[in-house]
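upload-v2.txt (compact mmCIF, C-alpha atoms)
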# COMPACT_ATOMS: atom_id res chain seq x y z
CA MET A 296 -12.95 -33.88 -21.33
CA GLN A 297 -13.17 -34.63 -17.62
CA GLN A 298 -13.60 -31.55 -15.44
CA ILE A 299 -10.56 -30.45 -13.47
CA THR A 300 -11.09 -30.02 -9.73
CA PHE A 301 -9.43 -27.01 -8.16
CA ALA A 302 -8.71 -26.43 -4.49
CA LYS A 303 -11.68 -25.14 -2.50
CA ARG A 304 -9.76 -21.95 -1.67
CA MET A 305 -9.95 -20.90 -5.34
CA GLU A 306 -13.69 -20.29 -4.96
CA ARG A 307 -12.87 -17.15 -2.96
CA ILE A 308 -10.06 -15.80 -5.11
CA LYS A 309 -10.96 -13.23 -7.74
CA GLY A 310 -8.98 -10.97 -10.01
CA SER A 311 -7.80 -7.67 -8.57
CA GLU A 312 -10.17 -4.86 -9.46
CA ILE A 313 -7.21 -2.48 -9.44
CA ARG A 314 -5.21 -4.60 -11.87
CA GLU A 315 -8.23 -4.82 -14.16
CA ALA A 316 -8.76 -1.07 -13.97
CA ILE A 317 -5.14 -0.43 -14.86
CA LYS A 318 -5.90 -2.03 -18.22
CA LEU A 319 -7.95 1.09 -18.92
CA THR A 320 -4.71 3.06 -19.04
CA LEU A 321 -3.84 1.20 -22.23
CA LYS A 322 -6.77 2.77 -24.07
CA PRO A 323 -5.74 5.63 -26.35
CA ASN A 324 -6.32 9.07 -24.81
CA MET A 325 -7.45 7.63 -21.47
CA ILE A 326 -6.73 9.85 -18.45
CA SER A 327 -6.44 7.34 -15.63
CA PHE A 328 -6.62 8.16 -11.94
CA ALA A 329 -7.16 4.45 -11.27
CA GLY A 330 -3.89 2.72 -10.37
CA GLY A 331 -1.41 3.60 -7.67
CA LEU A 332 1.38 3.87 -10.21
CA PRO A 333 4.47 5.99 -9.57
CA ALA A 334 5.33 8.59 -12.21
CA PRO A 335 7.60 6.82 -14.74
CA GLU A 336 9.47 10.05 -15.52
CA MET A 337 10.82 9.87 -11.95
CA PHE A 338 12.44 6.47 -12.40
CA PRO A 339 16.25 6.91 -12.19
CA VAL A 340 16.90 4.97 -15.38
CA ALA A 341 20.39 6.28 -16.13
CA GLU A 342 21.49 5.94 -12.51
CA MET A 343 20.18 2.39 -12.22
CA LYS A 344 21.90 1.52 -15.49
CA ASP A 345 25.14 2.80 -13.99
CA ALA A 346 24.56 0.84 -10.78
CA ALA A 347 23.80 -2.30 -12.78
CA CYS A 348 27.01 -1.93 -14.77
CA HIS A 349 28.98 -1.58 -11.55
CA VAL A 350 27.38 -4.72 -10.16
CA MET A 351 28.06 -6.78 -13.27
CA ASP A 352 31.59 -5.45 -13.73
CA GLU A 353 32.58 -5.96 -10.11
CA THR A 354 30.55 -8.95 -8.89
CA GLY A 355 28.70 -10.28 -11.93
CA ALA A 356 29.04 -13.96 -11.13
CA MET A 357 27.85 -13.41 -7.56
CA ALA A 358 24.89 -11.36 -8.79
CA MET A 359 23.78 -14.24 -11.03
CA GLN A 360 24.15 -16.94 -8.36
CA TYR A 361 21.83 -18.27 -5.67
CA ALA A 362 22.10 -16.38 -2.37
CA THR A 363 20.69 -16.45 1.15
CA THR A 364 16.96 -16.50 1.79
CA GLU A 365 17.11 -13.54 4.16
CA GLY A 366 18.55 -11.25 1.50
CA PHE A 367 21.71 -9.41 0.49
CA GLU A 368 23.42 -8.35 3.73
CA PRO A 369 24.62 -4.89 2.58
CA LEU A 370 21.11 -4.00 1.45
CA ARG A 371 19.61 -5.17 4.73
CA GLU A 372 22.15 -3.02 6.54
CA LYS A 373 21.11 0.03 4.51
CA ILE A 374 17.42 -0.68 5.15
CA ALA A 375 18.05 -0.93 8.90
CA VAL A 376 19.77 2.47 8.87
CA ARG A 377 17.01 4.00 6.78
CA MET A 378 14.28 2.66 9.05
CA LYS A 379 15.91 4.41 12.00
CA GLU A 380 16.27 7.67 10.07
CA LYS A 381 12.78 7.70 8.55
CA TYR A 382 10.59 5.79 11.00
CA ASP A 383 12.55 5.83 14.27
CA ILE A 384 12.61 2.02 14.20
CA THR A 385 15.66 0.48 15.84
CA ALA A 386 16.59 -2.61 13.83
CA VAL A 387 19.62 -4.63 12.79
CA PRO A 388 20.00 -6.51 9.49
CA GLN A 389 19.00 -9.75 11.24
CA ASP A 390 15.56 -8.23 11.89
CA ILE A 391 14.91 -7.80 8.16
CA LEU A 392 13.83 -10.23 5.44
CA ILE A 393 13.85 -9.07 1.81
CA THR A 394 10.65 -9.97 -0.05
CA ASN A 395 9.33 -9.89 -3.61
CA GLY A 396 7.60 -6.57 -3.01
CA SER A 397 5.64 -5.88 0.17
CA GLN A 398 2.73 -7.75 -1.43
CA GLN A 399 4.65 -10.97 -0.76
CA GLY A 400 4.84 -9.88 2.87
CA LEU A 401 1.04 -9.76 2.93
CA ASP A 402 0.75 -13.23 1.41
CA PHE A 403 3.26 -14.64 3.90
CA SER A 404 1.38 -12.98 6.77
CA GLY A 405 -1.80 -14.75 5.76
CA ARG A 406 0.05 -18.02 5.44
CA LEU A 407 1.71 -17.55 8.83
CA PHE A 408 -1.27 -16.56 10.95
CA LEU A 409 -4.50 -17.66 9.29
CA ASP A 410 -6.40 -20.93 9.35
CA GLU A 411 -9.78 -21.32 7.68
CA GLY A 412 -12.40 -19.33 9.58
CA ASP A 413 -9.94 -17.13 11.47
CA VAL A 414 -10.70 -13.41 11.64
CA VAL A 415 -8.64 -10.55 10.22
CA LEU A 416 -9.42 -7.00 11.33
CA PHE A 417 -9.12 -4.10 8.87
CA GLU A 418 -9.61 -0.37 8.76
CA SER A 419 -12.80 0.66 6.99
CA PRO A 420 -12.08 1.02 4.08
CA SER A 421 -8.73 -0.67 3.40
CA TYR A 422 -6.35 -1.89 0.68
CA MET A 423 -8.05 -4.44 -1.57
CA GLY A 424 -4.69 -6.06 -2.38
CA ALA A 425 -4.52 -7.21 1.23
CA PHE A 426 -7.95 -8.82 0.94
CA ASN A 427 -6.78 -10.63 -2.18
CA ALA A 428 -3.58 -11.81 -0.49
CA PHE A 429 -5.41 -13.19 2.54
CA GLN A 430 -8.34 -14.76 0.67
CA ALA A 431 -6.41 -17.94 -0.15
CA TYR A 432 -6.25 -18.79 3.56
CA GLN A 433 -10.06 -18.63 3.88
CA PRO A 434 -10.42 -16.15 6.75
CA GLN A 435 -13.31 -13.96 7.74
CA PHE A 436 -12.84 -10.21 7.27
CA MET A 437 -14.14 -7.74 9.81
CA GLU A 438 -14.10 -3.96 9.48
CA VAL A 439 -13.20 -1.81 12.49
CA PRO A 440 -14.87 1.62 12.53
CA THR A 441 -12.37 4.22 11.32
CA ASP A 442 -12.43 8.02 11.29
CA GLU A 443 -10.13 10.83 10.18
CA ASP A 444 -7.58 9.94 12.88
CA GLY A 445 -7.47 6.21 12.15
CA MET A 446 -8.92 3.02 13.62
CA ILE A 447 -11.11 3.84 16.63
CA PRO A 448 -9.58 2.14 19.71
CA GLU A 449 -12.85 1.83 21.65
CA ALA A 450 -14.49 0.07 18.72
CA LEU A 451 -11.44 -2.17 18.29
CA GLU A 452 -11.50 -3.13 21.96
CA LYS A 453 -15.19 -4.01 21.83
CA ILE A 454 -14.63 -6.24 18.80
CA LEU A 455 -11.67 -7.96 20.48
CA GLN A 456 -13.78 -8.59 23.59
CA THR A 457 -16.71 -10.08 21.69
CA THR A 458 -15.21 -11.86 18.67
CA GLN A 459 -13.52 -15.25 18.66
CA ARG A 460 -10.54 -16.33 16.57
CA ILE A 461 -9.10 -12.91 15.75
CA LYS A 462 -5.60 -13.69 14.52
CA MET A 463 -4.22 -10.40 13.23
CA ILE A 464 -4.94 -6.73 12.51
CA TYR A 465 -3.94 -5.12 9.19
CA VAL A 466 -3.40 -1.36 9.08
CA ILE A 467 -1.86 1.39 6.93
CA PRO A 468 -1.31 4.29 9.37
CA ASP A 469 0.51 6.62 6.95
CA PHE A 470 -1.37 8.06 3.94
CA GLN A 471 -3.71 5.13 3.89
CA ASN A 472 -4.76 3.32 0.75
CA PRO A 473 -7.45 4.16 -0.34
CA THR A 474 -8.35 7.23 1.74
CA GLY A 475 -5.01 9.04 2.04
CA ARG A 476 -5.66 9.54 5.78
CA THR A 477 -2.91 9.44 8.40
CA TRP A 478 -3.37 8.25 11.97
CA SER A 479 -2.72 10.81 14.70
CA LEU A 480 -0.03 10.14 17.29
CA GLU A 481 -2.62 9.89 20.05
CA ARG A 482 -4.61 7.35 18.07
CA ARG A 483 -1.48 5.25 17.47
CA LYS A 484 -0.68 5.17 21.18
CA ALA A 485 -4.24 4.23 22.11
CA PHE A 486 -4.34 1.55 19.40
CA LEU A 487 -1.15 -0.08 20.73
CA GLU A 488 -2.46 -0.04 24.29
CA VAL A 489 -5.44 -2.09 23.14
CA VAL A 490 -3.32 -4.41 21.00
CA ASN A 491 -0.90 -5.08 23.85
CA ARG A 492 -3.72 -6.02 26.24
CA PHE A 493 -5.09 -8.58 23.79
CA HIS A 494 -1.70 -9.62 22.38
CA ILE A 495 -2.76 -9.61 18.71
CA PRO A 496 -0.19 -9.38 15.88
CA VAL A 497 -0.37 -6.19 13.80
CA ILE A 498 0.69 -5.90 10.16
CA GLU A 499 1.83 -2.30 9.63
CA ASP A 500 1.94 -1.79 5.88
CA ASN A 501 3.98 1.30 5.04
CA PRO A 502 4.69 1.78 1.32
CA TYR A 503 3.95 5.53 1.37
CA GLY A 504 5.55 6.76 4.60
CA GLU A 505 8.34 8.75 2.94
CA LEU A 506 5.94 10.53 0.57
CA ARG A 507 4.91 13.37 2.91
CA TYR A 508 4.18 16.76 1.32
CA GLU A 509 3.25 18.78 4.38
CA GLY A 510 3.34 18.51 8.16
CA LYS A 511 5.69 16.59 10.42
CA ALA A 512 6.35 12.85 10.33
CA ILE A 513 4.55 10.78 12.97
CA PRO A 514 6.35 7.84 14.63
CA SER A 515 5.50 4.46 13.13
CA LEU A 516 3.63 1.85 15.13
CA LYS A 517 6.70 -0.36 14.99
CA SER A 518 8.83 2.35 16.62
CA MET A 519 6.44 2.31 19.61
CA ASP A 520 6.10 -1.48 19.76
CA THR A 521 7.16 -2.78 23.19
CA GLU A 522 5.77 -6.31 22.89
CA GLY A 523 7.16 -7.44 19.52
CA LEU A 524 3.65 -7.59 18.05
CA VAL A 525 4.07 -5.17 15.14
CA ILE A 526 5.30 -6.55 11.80
CA PHE A 527 6.47 -3.74 9.53
CA LEU A 528 6.23 -4.07 5.74
CA GLY A 529 8.36 -1.69 3.66
CA SER A 530 9.03 -1.29 -0.05
CA PHE A 531 11.24 0.39 -2.64
CA SER A 532 8.36 0.43 -5.13
CA LYS A 533 7.16 3.97 -4.39
CA ILE A 534 10.53 5.59 -3.61
CA LEU A 535 12.61 4.01 -6.39
CA ALA A 536 10.84 1.77 -8.91
CA PRO A 537 8.22 -0.99 -8.58
CA GLY A 538 9.70 -3.15 -11.33
CA TYR A 539 12.49 -4.36 -9.04
CA ARG A 540 9.89 -5.97 -6.76
CA ILE A 541 11.99 -5.43 -3.66
CA GLY A 542 10.29 -4.98 -0.30
CA TRP A 543 11.04 -6.12 3.22
CA ILE A 544 9.62 -7.39 6.48
CA CYS A 545 10.90 -6.17 9.85
CA ALA A 546 9.73 -8.22 12.81
CA ALA A 547 10.75 -9.68 16.15
CA PRO A 548 13.31 -12.52 15.70
CA GLU A 549 10.98 -15.40 16.61
CA ILE A 550 8.37 -14.12 14.15
CA LEU A 551 10.83 -13.24 11.39
CA GLN A 552 12.26 -16.76 11.45
CA LYS A 553 8.82 -18.10 10.53
CA TYR A 554 8.69 -15.69 7.58
CA VAL A 555 12.13 -16.93 6.48
CA PHE A 556 10.83 -20.52 6.42
CA LEU A 557 7.89 -19.39 4.28
CA LYS A 558 10.23 -17.56 1.91
CA GLN A 559 12.35 -20.69 1.52
CA GLY A 560 9.29 -22.69 0.55
CA ALA A 561 7.87 -20.05 -1.78
CA ASP A 562 10.81 -18.99 -3.96
CA LEU A 563 14.04 -19.79 -2.08
CA GLN A 564 15.30 -16.19 -2.05
CA PRO A 565 14.77 -12.65 -3.37
CA SER A 566 16.38 -11.62 -6.67
CA THR A 567 20.13 -11.36 -6.10
CA ILE A 568 20.66 -8.97 -9.02
CA SER A 569 17.85 -6.63 -8.03
CA GLN A 570 19.05 -6.41 -4.45
CA MET A 571 22.65 -5.76 -5.46
CA GLU A 572 21.66 -3.10 -7.98
CA ILE A 573 19.56 -1.21 -5.43
CA SER A 574 22.31 -1.48 -2.84
CA ARG A 575 24.86 -0.16 -5.31
CA PHE A 576 22.53 2.68 -6.32
CA MET A 577 22.34 3.73 -2.67
CA GLU A 578 26.14 3.80 -2.53
CA LEU A 579 26.62 5.73 -5.75
CA TYR A 580 23.68 8.15 -5.50
CA ASP A 581 21.67 10.04 -2.92
CA LEU A 582 18.37 8.23 -2.39
CA ASP A 583 17.14 10.99 -0.07
CA ALA A 584 17.63 13.58 -2.81
CA HIS A 585 15.80 11.31 -5.26
CA VAL A 586 12.86 10.93 -2.86
CA GLU A 587 12.79 14.70 -2.36
CA ARG A 588 12.35 15.18 -6.11
CA ILE A 589 9.49 12.68 -6.07
CA ARG A 590 7.86 14.50 -3.17
CA ALA A 591 8.12 17.83 -4.96
CA LEU A 592 6.40 16.48 -8.07
CA TYR A 593 3.69 14.49 -6.31
CA GLY A 594 2.99 17.30 -3.86
CA LYS A 595 2.43 19.66 -6.77
CA ARG A 596 0.12 17.18 -8.50
CA ARG A 597 -1.81 16.50 -5.30
CA THR A 598 -2.44 20.20 -4.71
CA LEU A 599 -3.44 20.74 -8.33
CA MET A 600 -5.90 17.83 -8.25
CA LEU A 601 -7.50 18.94 -4.99
CA ASP A 602 -7.74 22.59 -6.07
CA THR A 603 -9.27 21.59 -9.41
CA MET A 604 -11.77 19.27 -7.71
CA GLU A 605 -12.68 22.10 -5.35
CA ALA A 606 -13.30 24.37 -8.32
CA VAL A 607 -15.24 22.08 -10.68
CA PHE A 608 -16.91 19.32 -8.61
CA PRO A 609 -20.40 19.97 -7.27
CA LYS A 610 -20.26 21.30 -3.71
CA ASN A 611 -21.96 18.24 -2.20
CA ILE A 612 -19.09 15.96 -3.32
CA LYS A 613 -16.72 15.31 -0.42
CA PHE A 614 -13.05 14.28 -0.70
CA THR A 615 -10.05 13.85 1.58
CA ARG A 616 -7.07 16.21 1.64
CA PRO A 617 -4.09 13.91 2.25
CA HIS A 618 -0.78 15.23 3.57
CA GLY A 619 1.10 12.60 1.55
CA GLY A 620 0.85 9.33 -0.31
CA LEU A 621 -0.78 8.79 -3.68
CA PHE A 622 -4.54 8.99 -3.21
CA THR A 623 -7.59 11.04 -2.38
CA TRP A 624 -10.93 9.45 -1.48
CA VAL A 625 -14.19 10.78 -2.87
CA GLU A 626 -17.62 10.41 -1.29
CA LEU A 627 -20.71 10.96 -3.45
CA PRO A 628 -24.25 11.59 -2.22
CA PRO A 629 -25.74 8.30 -0.89
CA GLN A 630 -28.01 7.73 -3.88
CA MET A 631 -25.14 7.72 -6.41
CA ASP A 632 -23.33 4.58 -7.59
CA ALA A 633 -19.63 5.05 -8.39
CA ARG A 634 -19.55 1.93 -10.57
CA GLU A 635 -22.31 3.26 -12.79
CA LEU A 636 -20.70 6.68 -12.80
CA LEU A 637 -17.41 5.11 -13.92
CA LYS A 638 -19.05 3.86 -17.12
CA LYS A 639 -19.99 7.40 -18.04
CA CYS A 640 -16.56 8.71 -17.11
CA VAL A 641 -14.88 6.07 -19.28
CA GLU A 642 -16.99 7.30 -22.19
CA LYS A 643 -15.20 10.62 -21.67
CA ASN A 644 -11.83 8.82 -21.38
CA VAL A 645 -11.27 9.33 -17.66
CA ALA A 646 -11.12 6.57 -15.03
CA TYR A 647 -10.89 5.89 -11.28
CA ILE A 648 -11.38 2.92 -8.90
CA PRO A 649 -14.91 2.43 -7.45
CA GLY A 650 -14.80 2.43 -3.66
CA GLY A 651 -16.88 -0.67 -2.94
CA ALA A 652 -13.86 -2.87 -3.67
CA PHE A 653 -12.05 -1.41 -0.63
CA PHE A 654 -14.58 -2.77 1.85
CA PRO A 655 -14.14 -6.49 2.61
CA GLU A 656 -17.87 -7.01 2.92
CA GLY A 657 -18.71 -4.72 0.00
CA GLY A 658 -21.11 -1.81 0.07
CA LYS A 659 -20.33 1.93 0.19
CA GLU A 660 -20.79 2.11 -3.58
CA ASN A 661 -21.05 5.90 -3.43
CA THR A 662 -17.26 6.21 -3.00
CA PHE A 663 -14.20 6.04 -5.23
CA ARG A 664 -10.40 6.38 -5.10
CA MET A 665 -8.34 8.84 -7.15
CA ASN A 666 -4.58 8.68 -7.79
CA PHE A 667 -2.65 11.90 -8.46
CA SER A 668 0.94 10.66 -8.92
CA ASN A 669 0.84 9.19 -12.41
CA MET A 670 -0.77 11.82 -14.63
CA PRO A 671 0.97 15.03 -15.79
CA GLU A 672 -0.50 18.34 -14.68
CA ASP A 673 -2.40 19.16 -17.87
CA LYS A 674 -4.12 15.76 -17.84
CA ILE A 675 -5.02 16.12 -14.18
CA VAL A 676 -6.84 19.36 -14.94
CA GLU A 677 -8.54 17.98 -18.05
CA GLY A 678 -9.50 14.70 -16.36
CA ILE A 679 -11.06 16.45 -13.38
CA ARG A 680 -12.89 18.81 -15.74
CA ARG A 681 -14.41 15.82 -17.56
CA MET A 682 -15.39 14.19 -14.28
CA GLY A 683 -16.98 17.43 -13.15
CA GLU A 684 -19.15 17.44 -16.26
CA VAL A 685 -20.34 13.89 -15.57
CA LEU A 686 -21.07 14.66 -11.92
CA ARG A 687 -23.05 17.77 -12.73
CA GLU A 688 -25.09 15.87 -15.33
CA GLU A 689 -25.87 13.14 -12.81
CA LEU A 690 -26.92 15.59 -10.14
CA LEU A 691 -29.31 17.58 -12.33
Rewrite the structure from the file as structure tokens, please.
Amino acid sequence: MQQITFAKRMERIKGSEIREAIKLTLKPNMISFAGGLPAPEMFPVAEMKDAACHVMDETGAMAMQYATTEGFEPLREKIAVRMKEKYDITAVPQDILITNGSQQGLDFSGRLFLDEGDVVLFESPSYMGAFNAFQAYQPQFMEVPTDEDGMIPEALEKILQTTQRIKMIYVIPDFQNPTGRTWSLERRKAFLEVVNRFHIPVIEDNPYGELRYEGKAIPSLKSMDTEGLVIFLGSFSKILAPGYRIGWICAAPEILQKYVFLKQGADLQPSTISQMEISRFMELYDLDAHVERIRALYGKRRTLMLDTMEAVFPKNIKFTRPHGGLFTWVELPPQMDARELLKKCVEKNVAYIPGGAFFPEGGKENTFRMNFSNMPEDKIVEGIRRMGEVLREELL
């Protein structure tokens, strides 16, 4: 049989390490801290069933029909209101495009801004799903030095001064994936001052912003954007349910129109039924109260995980203490390899994501990411206990 020739871009595209790791959760008795999965017991199944019945009883034919590319107008109106309430972003429905999850917003961003050989700047480390989304457009990835307060503006400015073909910057300022860190207000202001001088588009990915368990909310980058350079990606996946695959892009009109054209070419429109069901849920039920219940549960699980790690991990193991989100980031002594350690943890039926996958150029194999939202409290304690045993054995 003659060999099939694929597009050159496929040489750079690999399977998601996270998606592969999630398969571990299917093993019997596996305690998985690997994926960024919401807790399924928090899904409002009965309420969404009620909302779906209302939609089908009242507007069933409309829900099953083609609709506009931009998205269901009542839902876009609700998103605009919520963005003002939660992120201090002033927007109207015309500033918002509904997407198939915020992951589609990442793919569209790559398609919109990147030609082969262009440069994308990232925090160090950063979300591997963004790398995977951008890979198809054959860019170069460059890490910007990052500390506890976020991307370091002085380092960013030096890179912008000395590097050609930088086309966009990708950041997660709130409860970052994978580290759980949150940018300080001062760092956000300094970052935007640099961005405005060089006039570089910024993708502000914010799937976790409402999941704060302590401290005060910090204004989003988009709320401080005076030049129309920040493109905000939001999602219902972490505050409602990921199975609906409903996210959104908020951007300046001239930029958003380009995203609309890409959406038309990709899949014509977002799911009419999903949008209408979420919109109806928000009319029938209190989404804020639902999110508060999620925060209460995840905050409890976060504290339990961190306290248990503090108690049973060897003292030379470092980890972040996030104020929100879904993850903590673990740093092992330099000589240890988290991928090799994972094999031994899996033997004890506990799993995590090795950290090397979160660096676009690889390396930093002495790190790993832990999720605390998806496992019940007893399994969190047992899983950390098993990991502690493996770590102590390795450090003997």
Against stretch 616-627 of chain A, which residues of stretch 408-438 of chain A fall within 12 Å? For each one I want the closest pair of atoms and the distance in Å (one decimal), counting only C-alpha atoms, rows by chain and increasing residue number, as JSON lines.
{"residue": "A:Pro420", "atom": "CA", "partner": "A:Trp624", "partner_atom": "CA", "distance": 10.2}
{"residue": "A:Ser421", "atom": "CA", "partner": "A:Trp624", "partner_atom": "CA", "distance": 11.4}
{"residue": "A:Tyr422", "atom": "CA", "partner": "A:Phe622", "partner_atom": "CA", "distance": 11.7}
Would you output that residue set with C-alpha atoms, as a PDB file, keeping the file's coordinate frame?
ATOM      1  CA  PRO A 420     -12.080   1.020   4.080  1.00  0.00           C
ATOM      2  CA  SER A 421      -8.730  -0.670   3.400  1.00  0.00           C
ATOM      3  CA  TYR A 422      -6.350  -1.890   0.680  1.00  0.00           C
TER       4      TYR A 422
END
Checklist entry - Residues at most 12 Å from A:Lys553, counting only C-alpha atoms, excluding those fewer than 2 positions away in the same chain, as a list in words? => result Glu365, Leu392, Gly400, Phe403, Ser404, Arg406, Leu407, Phe408, Ile544, Ala546, Ala547, Pro548, Glu549, Ile550, Leu551, Val555, Phe556, Leu557, Lys558, Gln559 and Gly560 of chain A
File dump, residues just selected, C-alpha atoms, as a PDB file, in the coordinates of the input:
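Final output, selection21.pdb:
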ATOM      1  CA  GLU A 365      17.110 -13.540   4.160  1.00  0.00           C
ATOM      2  CA  LEU A 392      13.830 -10.230   5.440  1.00  0.00           C
ATOM      3  CA  GLY A 400       4.840  -9.880   2.870  1.00  0.00           C
ATOM      4  CA  PHE A 403       3.260 -14.640   3.900  1.00  0.00           C
ATOM      5  CA  SER A 404       1.380 -12.980   6.770  1.00  0.00           C
ATOM      6  CA  ARG A 406       0.050 -18.020   5.440  1.00  0.00           C
ATOM      7  CA  LEU A 407       1.710 -17.550   8.830  1.00  0.00           C
ATOM      8  CA  PHE A 408      -1.270 -16.560  10.950  1.00  0.00           C
ATOM      9  CA  ILE A 544       9.620  -7.390   6.480  1.00  0.00           C
ATOM     10  CA  ALA A 546       9.730  -8.220  12.810  1.00  0.00           C
ATOM     11  CA  ALA A 547      10.750  -9.680  16.150  1.00  0.00           C
ATOM     12  CA  PRO A 548      13.310 -12.520  15.700  1.00  0.00           C
ATOM     13  CA  GLU A 549      10.980 -15.400  16.610  1.00  0.00           C
ATOM     14  CA  ILE A 550       8.370 -14.120  14.150  1.00  0.00           C
ATOM     15  CA  LEU A 551      10.830 -13.240  11.390  1.00  0.00           C
ATOM     16  CA  VAL A 555      12.130 -16.930   6.480  1.00  0.00           C
ATOM     17  CA  PHE A 556      10.830 -20.520   6.420  1.00  0.00           C
ATOM     18  CA  LEU A 557       7.890 -19.390   4.280  1.00  0.00           C
ATOM     19  CA  LYS A 558      10.230 -17.560   1.910  1.00  0.00           C
ATOM     20  CA  GLN A 559      12.350 -20.690   1.520  1.00  0.00           C
ATOM     21  CA  GLY A 560       9.290 -22.690   0.550  1.00  0.00           C
TER      22      GLY A 560
END
Next on the checklist: I'd like the interatomic distance between atom CA of A:Val466 and atom CA of A:Leu524, to a tenth of an Å.
Outcome noted: 13.0 Å
Checklist entry - Residues at most 7 Å from A:Pro649, counting all atoms listed in the file, excluding those fewer than 2 positions away in the same chain, as a list in words? => result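 So, after excluding close chain neighbours, the residues are Ala633, Arg634, Tyr647, Gly651, Ala652, Thr662, Phe663 and Arg664 of chain A.
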Checklist entry - Of the candidates A:Met423, A:Leu516, A:Ala591, A:Gly405, which one gets nearest to A:Trp478 if we count only C-alpha atoms? => result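 For A:Trp478, the nearest of the given residues is A:Leu516.
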With the cut-off set at 8 Å and counting all atoms listed in the file, tabulate each residue of stretch 370-481 of chain A with an atom at most that distance from an atom of stretch 563-585 of chain A, showing the nearest atom pair and its distance in Å to one decimal, ordered by chain and increasing number, as JSON lines.
{"residue": "A:Leu370", "atom": "CA", "partner": "A:Ser574", "partner_atom": "CA", "distance": 5.1}
{"residue": "A:Lys373", "atom": "CA", "partner": "A:Ser574", "partner_atom": "CA", "distance": 7.6}
{"residue": "A:Ile393", "atom": "CA", "partner": "A:Pro565", "partner_atom": "CA", "distance": 6.4}
{"residue": "A:Thr394", "atom": "CA", "partner": "A:Pro565", "partner_atom": "CA", "distance": 5.9}
{"residue": "A:Asn395", "atom": "CA", "partner": "A:Pro565", "partner_atom": "CA", "distance": 6.1}
Take the residues just selected and output them with C-alpha atoms as a PDB file, in the coordinates of the input.
ATOM      1  CA  LEU A 370      21.110  -4.000   1.450  1.00  0.00           C
ATOM      2  CA  LYS A 373      21.110   0.030   4.510  1.00  0.00           C
ATOM      3  CA  ILE A 393      13.850  -9.070   1.810  1.00  0.00           C
ATOM      4  CA  THR A 394      10.650  -9.970  -0.050  1.00  0.00           C
ATOM      5  CA  ASN A 395       9.330  -9.890  -3.610  1.00  0.00           C
TER       6      ASN A 395
END
Item to check | Distance criterion (all atoms listed in the file): nearest to A:Gly504 out of A:Tyr382, A:Phe367, A:Phe436, A:Phe426 | outcome: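 Residue with the minimum atom-to-atom distance to A:Gly504: A:Tyr382.
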Next on the checklist: When you count only C-alpha atoms, which of these residues is closest to A:Pro537: A:Leu332, A:Ala425, A:Met437, A:Val685?
Outcome noted: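 Smallest distance to A:Pro537 is found for A:Leu332.
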Checklist entry - For A:Val387, which residue among A:Pro468, A:Pro609, A:Pro629, A:Pro369 is the nearest when counting only C-alpha atoms? => result A:Pro369
Item to check | Protein and nucleic acid residues near (-7.2, -22.0, -3.8) (cut-off 12 Å, all atoms listed in the file) as an NGL selection string | outcome: :A and (300-309 or 411 or 427-433)
Item to check | One-decimal distance in Å that lies between atom CA of A:Val489 and atom CA of A:Glu380 | outcome: 27.2 Å
Checklist entry - To one decimal place, how far is atom CA of A:Gly424 from atom CA of A:Lys643 in Å? => result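 Distance reported for this atom pair: 27.6 Å.
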For stretch 380-385 of chain A, take all atoms listed in the file, fit an axis-aligned box around them, add 3 Å to each of the six sides, then output centre and edge lengths in Å rounded to one decimal, as JSON.
{"center_x": 13.4, "center_y": 4.1, "center_z": 12.2, "size_x": 11.7, "size_y": 13.2, "size_z": 13.3}
Item to check | For A:Arg460: contacts at 8 Å, all atoms listed in the file, fewer than 3 positions along chain excluded, given as a PyMOL selection string | outcome: chain A and resi 412-414
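Among the candidates A:Ala512, A:Leu535, A:Met670, A:Leu686, the one nearest to A:Val340 when counting only C-alpha atoms is A:Leu535.
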Next on the checklist: Please list, as an MDAnalysis selection string, the residues that have an atom at most 12 Å away from (-3.4, 17.1, -16.5) in the coordinates of this file, counting only C-alpha atoms.
Outcome noted: chainID A and resid 324:328 595:597 599:600 603 645 667:681
Item to check | Spatial neighbours of A:Glu368, 9 Å, all atoms listed in the file, chain gap at least 4 places, as a list in words | outcome: Thr363, Glu372, Lys373, Pro388 and Gln389 of chain A
Item to check | Counting all atoms listed in the file, the option among A:Arg687, A:Lys659, A:Arg482, A:Arg590 closest to A:Val607 | outcome: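 Closest to A:Val607, using all atoms listed in the file: A:Arg687.
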